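Q: Pasting my_file_10.pdb here (PDB, C-alpha atoms):
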```pdb
ATOM      1  CA  MET A   1       0.000   0.000   0.000
ATOM      2  CA  GLU A   2       1.071   3.569  -0.613
ATOM      3  CA  LYS A   3       1.358   5.926   2.340
ATOM      4  CA  ASN A   4      -2.225   7.249   2.064
ATOM      5  CA  ASP A   5      -3.891   3.977   1.081
ATOM      6  CA  GLU A   6      -4.576   2.986   4.680
ATOM      7  CA  LEU A   7      -6.281   6.318   5.368
ATOM      8  CA  MET A   8      -8.455   5.919   2.275
ATOM      9  CA  ALA A   9      -9.329   2.379   3.360
ATOM     10  CA  VAL A  10     -10.511   3.745   6.714
ATOM     11  CA  LEU A  11     -12.444   6.535   4.994
ATOM     12  CA  LEU A  12     -14.225   4.057   2.737
ATOM     13  CA  GLY A  13     -14.934   1.581   5.534
ATOM     14  CA  GLU A  14     -12.750  -1.142   4.053
ATOM     15  CA  SER A  15     -11.329  -3.855   6.277
ATOM     16  CA  SER A  16      -7.846  -3.840   7.713
ATOM     17  CA  PRO A  17      -5.132  -5.406   5.543
ATOM     18  CA  ALA A  18      -4.848  -9.105   6.303
ATOM     19  CA  GLN A  19      -1.083  -9.091   6.327
ATOM     20  CA  ALA A  20       0.831  -8.116   9.427
ATOM     21  CA  GLY A  21       3.647  -5.637   9.496
ATOM     22  CA  ASP A  22       3.942  -2.028   8.466
ATOM     23  CA  SER A  23       0.722  -1.948   6.442
ATOM     24  CA  ALA A  24      -1.412  -3.182   9.308
ATOM     25  CA  ASP A  25       0.316  -0.783  11.689
ATOM     26  CA  ARG A  26      -0.356   2.130   9.343
ATOM     27  CA  TYR A  27      -3.999   1.070   9.123
ATOM     28  CA  ALA A  28      -4.281   1.124  12.924
ATOM     29  CA  ASP A  29      -2.671   4.564  12.970
ATOM     30  CA  ALA A  30      -5.118   5.759  10.315
ATOM     31  CA  GLU A  31      -8.060   4.515  12.397
ATOM     32  CA  ARG A  32      -6.821   6.460  15.421
ATOM     33  CA  ASP A  33      -6.271   9.580  13.295
ATOM     34  CA  MET A  34      -9.756   9.328  11.808
ATOM     35  CA  ALA A  35     -11.340   8.933  15.242
ATOM     36  CA  ALA A  36      -9.542  12.081  16.389
ATOM     37  CA  VAL A  37     -10.615  14.030  13.305
ATOM     38  CA  ARG A  38     -14.222  12.919  13.682
ATOM     39  CA  GLU A  39     -14.218  14.144  17.265
ATOM     40  CA  GLN A  40     -12.792  17.490  16.182
ATOM     41  CA  LEU A  41     -15.419  17.817  13.455
ATOM     42  CA  ARG A  42     -18.139  17.037  15.966
ATOM     43  CA  ARG A  43     -16.848  19.746  18.270
ATOM     44  CA  ILE A  44     -16.589  22.229  15.405
ATOM     45  CA  GLY A  45     -20.128  21.442  14.334
ATOM     46  CA  ASP A  46     -21.475  21.769  17.867
ATOM     47  CA  GLY A  47     -19.684  25.082  18.339
ATOM     48  CA  LEU A  48     -20.953  26.519  15.076
ATOM     49  CA  ALA A  49     -24.485  25.383  15.833
ATOM     50  CA  GLN A  50     -24.393  27.120  19.210
ATOM     51  CA  LYS A  51     -23.168  30.336  17.593
ATOM     52  CA  ALA A  52     -25.625  30.267  14.694
ATOM     53  CA  PRO A  53     -27.690  33.463  14.430
ATOM     54  CA  GLY A  54     -31.341  33.449  15.416
ATOM     55  CA  ARG A  55     -34.110  32.979  12.924
ATOM     56  CA  GLU A  56     -35.356  35.930  10.927
ATOM     57  CA  GLU A  57     -38.405  37.710  12.311
ATOM     58  CA  SER A  58     -40.274  37.762   8.987
ATOM     59  CA  ALA A  59     -39.774  34.118   8.056
ATOM     60  CA  PRO A  60     -38.832  32.175  11.196
ATOM     61  CA  MET A  61     -39.874  28.687  10.203
ATOM     62  CA  ARG A  62     -37.687  28.112   7.183
ATOM     63  CA  SER A  63     -34.172  28.231   8.555
ATOM     64  CA  ARG A  64     -33.650  25.066  10.574
ATOM     65  CA  GLN A  65     -32.819  22.492   7.929
ATOM     66  CA  ARG A  66     -31.296  25.070   5.587
ATOM     67  CA  GLY A  67     -29.083  26.224   8.425
ATOM     68  CA  ARG A  68     -27.982  22.652   9.016
ATOM     69  CA  ARG A  69     -27.118  22.180   5.342
ATOM     70  CA  ARG A  70     -25.003  25.352   5.425
ATOM     71  CA  LEU A  71     -23.327  24.178   8.678
ATOM     72  CA  PHE A  72     -22.652  20.785   7.086
ATOM     73  CA  ALA A  73     -21.002  22.432   4.073
ATOM     74  CA  LEU A  74     -18.753  24.443   6.373
ATOM     75  CA  VAL A  75     -17.765  21.405   8.402
ATOM     76  CA  ALA A  76     -17.069  19.511   5.188
ATOM     77  CA  SER A  77     -14.778  22.337   4.097
ATOM     78  CA  VAL A  78     -12.905  22.055   7.383
ATOM     79  CA  ALA A  79     -12.609  18.312   6.799
ATOM     80  CA  VAL A  80     -11.056  18.894   3.401
ATOM     81  CA  ALA A  81      -8.548  21.265   4.963
ATOM     82  CA  LEU A  82      -7.661  18.655   7.584
ATOM     83  CA  LEU A  83      -7.544  15.523   5.458
ATOM     84  CA  GLY A  84      -7.700  16.605   1.834
ATOM     85  CA  THR A  85     -10.065  15.113  -0.711
ATOM     86  CA  GLY A  86     -10.377  11.785   1.092
ATOM     87  CA  MET A  87     -12.839  13.173   3.644
ATOM     88  CA  ALA A  88     -14.679  15.015   0.885
ATOM     89  CA  TYR A  89     -15.080  11.705  -0.931
ATOM     90  CA  LEU A  90     -16.341  10.038   2.223
ATOM     91  CA  VAL A  91     -18.900  12.753   2.896
ATOM     92  CA  ALA A  92     -20.125  12.927  -0.692
ATOM     93  CA  HIS A  93     -20.346   9.205  -1.371
ATOM     94  CA  ASN A  94     -20.833   7.424   1.921
ATOM     95  CA  GLY A  95     -22.781  10.185   3.663
ATOM     96  CA  THR A  96     -21.177   9.210   6.946
ATOM     97  CA  MET A  97     -19.427  11.371   9.497
ATOM     98  CA  ASN A  98     -18.793  10.527  13.150
ATOM     99  CA  GLY A  99     -20.964   7.411  12.806
ATOM    100  CA  ASP A 100     -24.150   9.274  11.866
ATOM    101  CA  SER A 101     -25.891   9.461   8.519
ATOM    102  CA  ALA A 102     -25.462  12.776   6.738
ATOM    103  CA  ALA A 103     -28.141  11.965   4.184
ATOM    104  CA  LYS A 104     -30.684  14.178   5.897
ATOM    105  CA  LEU A 105     -28.405  17.148   5.216
ATOM    106  CA  THR A 106     -29.122  16.899   1.507
ATOM    107  CA  TYR A 107     -32.545  17.973   0.253
ATOM    108  CA  GLU A 108     -33.322  14.397  -0.767
ATOM    109  CA  GLY A 109     -32.421  13.403   2.779
ATOM    110  CA  ILE A 110     -34.731  16.028   4.234
ATOM    111  CA  ILE A 111     -37.577  14.623   2.133
ATOM    112  CA  ALA A 112     -36.652  11.098   3.237
ATOM    113  CA  CYS A 113     -36.748  12.235   6.874
ATOM    114  CA  ALA A 114     -40.085  14.012   6.448
ATOM    115  CA  SER A 115     -43.103  12.101   7.661
ATOM    116  CA  THR A 116     -45.380  14.431   5.689
ATOM    117  CA  VAL A 117     -44.915  16.863   2.816
ATOM    118  CA  ALA A 118     -48.144  18.695   2.068
ATOM    119  CA  GLU A 119     -49.516  21.900   0.591
ATOM    120  CA  GLY A 120     -52.570  23.730   1.808
ATOM    121  CA  THR A 121     -54.003  26.711   3.656
ATOM    122  CA  VAL A 122     -53.564  27.537   7.319
ATOM    123  CA  GLU A 123     -56.896  27.042   9.054
ATOM    124  CA  ARG A 124     -55.967  28.007  12.618
ATOM    125  CA  VAL A 125     -53.202  28.341  15.182
ATOM    126  CA  GLU A 126     -53.797  27.424  18.806
ATOM    127  CA  PRO A 127     -51.697  27.131  21.996
ATOM    128  CA  ALA A 128     -50.230  23.661  22.481
ATOM    129  CA  GLY A 129     -48.972  24.027  26.048
ATOM    130  CA  GLY A 130     -45.596  25.172  27.192
ATOM    131  CA  HIS A 131     -43.853  28.454  26.516
ATOM    132  CA  ASP A 132     -44.599  29.818  23.024
ATOM    133  CA  ARG A 133     -45.601  26.398  21.733
ATOM    134  CA  TYR A 134     -48.401  26.249  19.176
ATOM    135  CA  ARG A 135     -50.369  23.757  17.127
ATOM    136  CA  ILE A 136     -50.934  24.679  13.493
ATOM    137  CA  VAL A 137     -53.802  23.125  11.540
ATOM    138  CA  LEU A 138     -53.395  23.056   7.766
ATOM    139  CA  ASP A 139     -56.300  22.443   5.385
ATOM    140  CA  VAL A 140     -54.501  20.209   2.878
ATOM    141  CA  ASP A 141     -55.359  19.937  -0.784
ATOM    142  CA  HIS A 142     -52.222  18.152  -2.019
ATOM    143  CA  TYR A 143     -49.929  15.550  -0.464
ATOM    144  CA  TYR A 144     -46.457  14.975  -1.879
ATOM    145  CA  LYS A 145     -45.654  12.441   0.857
ATOM    146  CA  PRO A 146     -47.311  10.145   1.721
ATOM    147  CA  ALA A 147     -49.446   9.561  -1.348
ATOM    148  CA  GLY A 148     -52.578  10.468   0.594
ATOM    149  CA  GLY A 149     -53.619  11.677   4.007
ATOM    150  CA  GLU A 150     -56.244  13.361   6.101
ATOM    151  CA  ARG A 151     -57.789  16.612   4.924
ATOM    152  CA  ARG A 152     -56.413  18.407   7.980
ATOM    153  CA  LEU A 153     -52.765  18.183   8.993
ATOM    154  CA  SER A 154     -51.665  19.364  12.447
ATOM    155  CA  PHE A 155     -48.108  19.949  13.620
ATOM    156  CA  THR A 156     -46.411  21.951  16.347
ATOM    157  CA  GLU A 157     -43.929  24.813  16.267
ATOM    158  CA  GLU A 158     -42.307  27.021  18.882
ATOM    159  CA  GLY A 159     -41.641  30.743  18.916
ATOM    160  CA  ALA A 160     -43.255  33.994  19.964
ATOM    161  CA  ASN A 161     -43.934  34.981  16.349
ATOM    162  CA  VAL A 162     -45.566  31.700  15.303
ATOM    163  CA  PRO A 163     -49.109  33.172  15.252
ATOM    164  CA  ALA A 164     -47.951  36.063  13.083
ATOM    165  CA  TYR A 165     -46.182  33.765  10.643
ATOM    166  CA  TYR A 166     -48.906  31.119  10.385
ATOM    167  CA  LYS A 167     -51.775  33.486   9.724
ATOM    168  CA  ALA A 168     -55.145  31.926   8.965
ATOM    169  CA  GLY A 169     -55.720  31.881   5.219
ATOM    170  CA  VAL A 170     -52.021  31.804   4.292
ATOM    171  CA  ARG A 171     -51.103  29.168   1.734
ATOM    172  CA  MET A 172     -47.914  27.173   2.273
ATOM    173  CA  LEU A 173     -45.983  24.003   1.653
ATOM    174  CA  VAL A 174     -44.940  22.186   4.827
ATOM    175  CA  LEU A 175     -42.322  19.494   5.454
ATOM    176  CA  VAL A 176     -42.996  17.831   8.816
ATOM    177  CA  SER A 177     -39.930  15.966  10.050
ATOM    178  CA  SER A 178     -40.039  12.483  11.533
ATOM    179  CA  ILE A 179     -36.976  13.289  13.650
ATOM    180  CA  PRO A 180     -37.916  13.950  17.287
ATOM    181  CA  GLY A 181     -37.535  17.612  18.189
ATOM    182  CA  GLU A 182     -37.031  18.711  14.585
ATOM    183  CA  GLY A 183     -39.253  21.637  13.580
ATOM    184  CA  PRO A 184     -41.082  21.878  10.258
ATOM    185  CA  GLU A 185     -39.701  23.498   7.145
ATOM    186  CA  THR A 186     -42.145  25.751   5.293
ATOM    187  CA  TYR A 187     -42.507  27.687   2.062
ATOM    188  CA  ARG A 188     -45.081  30.463   2.312
ATOM    189  CA  ALA A 189     -46.968  32.057  -0.572
ATOM    190  CA  GLY A 190     -45.886  35.635  -1.185
ATOM    191  CA  ASP A 191     -42.497  35.326   0.534
ATOM    192  CA  PRO A 192     -39.429  35.942  -1.655
ATOM    193  CA  PRO A 193     -37.708  32.803  -2.971
ATOM    194  CA  TYR A 194     -34.959  31.476  -0.723
ATOM    195  CA  GLY A 195     -32.473  30.896  -3.538
ATOM    196  CA  GLU A 196     -32.858  27.118  -3.813
ATOM    197  CA  SER A 197     -33.960  27.308  -7.466
ATOM    198  CA  PRO A 198     -32.217  29.031 -10.387
ATOM    199  CA  PRO A 199     -32.895  32.788 -10.386
ATOM    200  CA  GLY A 200     -36.088  33.765 -12.143
ATOM    201  CA  THR A 201     -37.643  30.305 -12.097
ATOM    202  CA  ALA A 202     -39.836  30.771  -9.009
ATOM    203  CA  ARG A 203     -42.188  33.659  -8.359
ATOM    204  CA  ASP A 204     -42.223  33.163  -4.597
ATOM    205  CA  ALA A 205     -41.130  30.808  -1.840
ATOM    206  CA  LEU A 206     -44.140  28.530  -2.309
ATOM    207  CA  GLU A 207     -43.401  27.928  -5.979
ATOM    208  CA  GLU A 208     -39.743  27.394  -5.167
ATOM    209  CA  GLY A 209     -40.739  24.848  -2.518
ATOM    210  CA  ARG A 210     -42.795  22.927  -5.042
ATOM    211  CA  GLN A 211     -39.858  22.850  -7.446
ATOM    212  CA  SER A 212     -37.445  21.722  -4.723
ATOM    213  CA  VAL A 213     -39.741  18.961  -3.497
ATOM    214  CA  GLU A 214     -40.533  17.685  -6.987
ATOM    215  CA  ARG A 215     -36.833  17.589  -7.876
ATOM    216  CA  ALA A 216     -35.925  15.729  -4.689
ATOM    217  CA  LEU A 217     -38.757  13.182  -4.473
ATOM    218  CA  PRO A 218     -37.269  10.644  -6.947
ATOM    219  CA  GLY A 219     -33.890  10.668  -5.208
ATOM    220  CA  ALA A 220     -35.493  10.453  -1.763
ATOM    221  CA  ARG A 221     -37.200   7.159  -2.513
ATOM    222  CA  GLY A 222     -35.376   4.364  -0.808
ATOM    223  CA  LEU A 223     -33.222   6.621   1.351
ATOM    224  CA  LYS A 224     -33.138   5.675   5.008
ATOM    225  CA  CYS A 225     -33.463   8.357   7.662
ATOM    226  CA  SER A 226     -31.220   7.246  10.527
ATOM    227  CA  GLY A 227     -32.381  10.028  12.829
ATOM    228  CA  ALA A 228     -36.065   9.178  12.753
ATOM    229  CA  GLY A 229     -37.687   8.055  15.957
TER
END
```
Could the structure of this file be written out as structure tokens, please?
A:
Amino acid sequence: MEKNDELMAVLLGESSPAQAGDSADRYADAERDMAAVREQLRRIGDGLAQKAPGREESAPMRSRQRGRRRLFALVASVAVALLGTGMAYLVAHNGTMNGDSAAKLTYEGIIACASTVAEGTVERVEPAGGHDRYRIVLDVDHYYKPAGGERRLSFTEEGANVPAYYKAGVRMLVLVSSIPGEGPETYRAGDPPYGESPPGTARDALEEGRQSVERALPGARGLKCSGAG
């Protein structure tokens, strides 16, 4: 093996070389190095998440998963700086970092981790107990996932400005996550596009959400969401 072959074997999850000697020793060293790098990446990610800015007042419900994708890209960049293209290959192809699936950090992964993806009109918002916790009821006229569902979809969200954001009569597309504690991602009619589609292709956030979901649905089929409860 060349000098970096053992590291690439660890990155790709390949078994240790059968032969004893220098190659096996280098493989063991590579495993220890990778464990240390994974721990550093975890700490970097945790630190960046803690320092992430608060959600915007005008559109508070859209930033959670997008923020995580941006954080993931930054951590991946740090990984490249630490280990070169090997870590980039691992992240892009295996979707694994620090033992957890990174699939949910792609848009296809977000769809895979969504229990429900639906479009409709907000019917009402009501207190759900706890501090600034609310239940939103959506009058659904189209389900992207699952294929069908109840006419009314209810989900919870937290924040002092939830009632102002989820106004009765507002039309939106909602992605309800199956991951415990994960808030919904929404695309509201009349809001500016978030930049997920090519410029000029979406009139507002709702249309952009439709485009994003429709593009991601084929790739999301068959993906496993490791973080789901």
Q: Using all atoms listed in the file, which residue out of A:Asp29, A:Glu150, A:Glu196, A:Asp191 lies closest to Gln211 in chain A?
A: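 Selected residue with least distance to Gln211 in chain A: A:Glu196.
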Q: Determine the residue membership of the PyMOL selection byres ((chain A and resi 113) around 7) for the file above and supply it as a list in words.
A: Lys104, Gly109, Ile110, Ile111, Ala112, Ala114, Ser115, Ser177, Ser178, Ile179, Cys225 and Ala228 of chain A
Q: From the options A:Gly169, A:Pro198, A:Pro146, A:Gly183, which residue's atoms come nearest to Ser212 in chain A, counting all atoms listed in the file?
A: A:Pro198
Q: Care to translate the PyMOL selection byres ((chain A and resi 162) around 10) into actual residues of this file, as a PyMOL selection string?
A: chain A and resi 57+59-61+125-126+132-136+156-161+163-167
Q: Around (-60.4, 19.7, 12.9) in the file's frame, which residues reach within 10 Å when counting only C-alpha atoms? Return as a compact mmCIF listing (two decimals) with C-alpha atoms, in the frame of the given file?
A:
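The new file point.txt reads:
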```
# COMPACT_ATOMS: atom_id res chain seq x y z
CA GLU A 123 -56.90 27.04 9.05
CA ARG A 124 -55.97 28.01 12.62
CA VAL A 137 -53.80 23.12 11.54
CA LEU A 138 -53.40 23.06 7.77
CA ASP A 139 -56.30 22.44 5.38
CA ARG A 151 -57.79 16.61 4.92
CA ARG A 152 -56.41 18.41 7.98
CA LEU A 153 -52.76 18.18 8.99
CA SER A 154 -51.66 19.36 12.45
```
Q: Out of A:Ala189, A:Val122, A:Ala9, A:Val140, which residue has the shortest atom-to-atom distance to Glu207 in chain A when counting only C-alpha atoms?
A: A:Ala189
Q: Which residues are near Ala216 in chain A? Cut-off 6 Å, all atoms listed in the file, ignore same chain within fewer than 3 positions. Put them as a list in words.
A: Glu108, Val213 and Gly219 of chain A
Q: Rounded to one decimal in Å, what is the spacing between CA of Arg221 in chain A and CA of Leu206 in chain A?
A: 22.5 Å
Q: Quick one: of A:Pro192, A:Gly130, A:Gly222, A:Gly181, who's nearest to Phe155 in chain A, counting all atoms listed in the file?
A: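 Of A:Pro192, A:Gly130, A:Gly222, A:Gly181, the one nearest Phe155 in chain A is A:Gly181, counting all atoms listed in the file.
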Q: Between CA of Pro127 in chain A and CA of Gly190 in chain A, what distance in Å does the model show, to one decimal?
A: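 So the two atoms, CA of Pro127 in chain A and CA of Gly190 in chain A, lie 25.4 Å apart.
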Q: Could you tell me, as an mmCIF file with C-alpha atoms, in the frame of the given file, exactly which residues end up selected when the PyMOL selection byres ((chain A and resi 118) around 9) is applied to this structure?
A:
```cif
data_model
loop_
_atom_site.group_PDB
_atom_site.id
_atom_site.type_symbol
_atom_site.label_atom_id
_atom_site.label_comp_id
_atom_site.auth_asym_id
_atom_site.auth_seq_id
_atom_site.Cartn_x
_atom_site.Cartn_y
_atom_site.Cartn_z
ATOM 1 C CA THR A 116 -45.380 14.431 5.689
ATOM 2 C CA VAL A 117 -44.915 16.863 2.816
ATOM 3 C CA GLU A 119 -49.516 21.900 0.591
ATOM 4 C CA GLY A 120 -52.570 23.730 1.808
ATOM 5 C CA LEU A 138 -53.395 23.056 7.766
ATOM 6 C CA VAL A 140 -54.501 20.209 2.878
ATOM 7 C CA ASP A 141 -55.359 19.937 -0.784
ATOM 8 C CA HIS A 142 -52.222 18.152 -2.019
ATOM 9 C CA TYR A 143 -49.929 15.550 -0.464
ATOM 10 C CA TYR A 144 -46.457 14.975 -1.879
ATOM 11 C CA LYS A 145 -45.654 12.441 0.857
ATOM 12 C CA PRO A 146 -47.311 10.145 1.721
ATOM 13 C CA LEU A 153 -52.765 18.183 8.993
ATOM 14 C CA MET A 172 -47.914 27.173 2.273
ATOM 15 C CA LEU A 173 -45.983 24.003 1.653
ATOM 16 C CA VAL A 174 -44.940 22.186 4.827
ATOM 17 C CA LEU A 175 -42.322 19.494 5.454
ATOM 18 C CA VAL A 176 -42.996 17.831 8.816
#
```
Q: How many Å lie between CA of Pro193 in chain A and CA of Ala147 in chain A, rounded to one decimal?
A: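 Atom-to-atom, CA of Pro193 in chain A and CA of Ala147 in chain A are spaced 26.1 Å apart.
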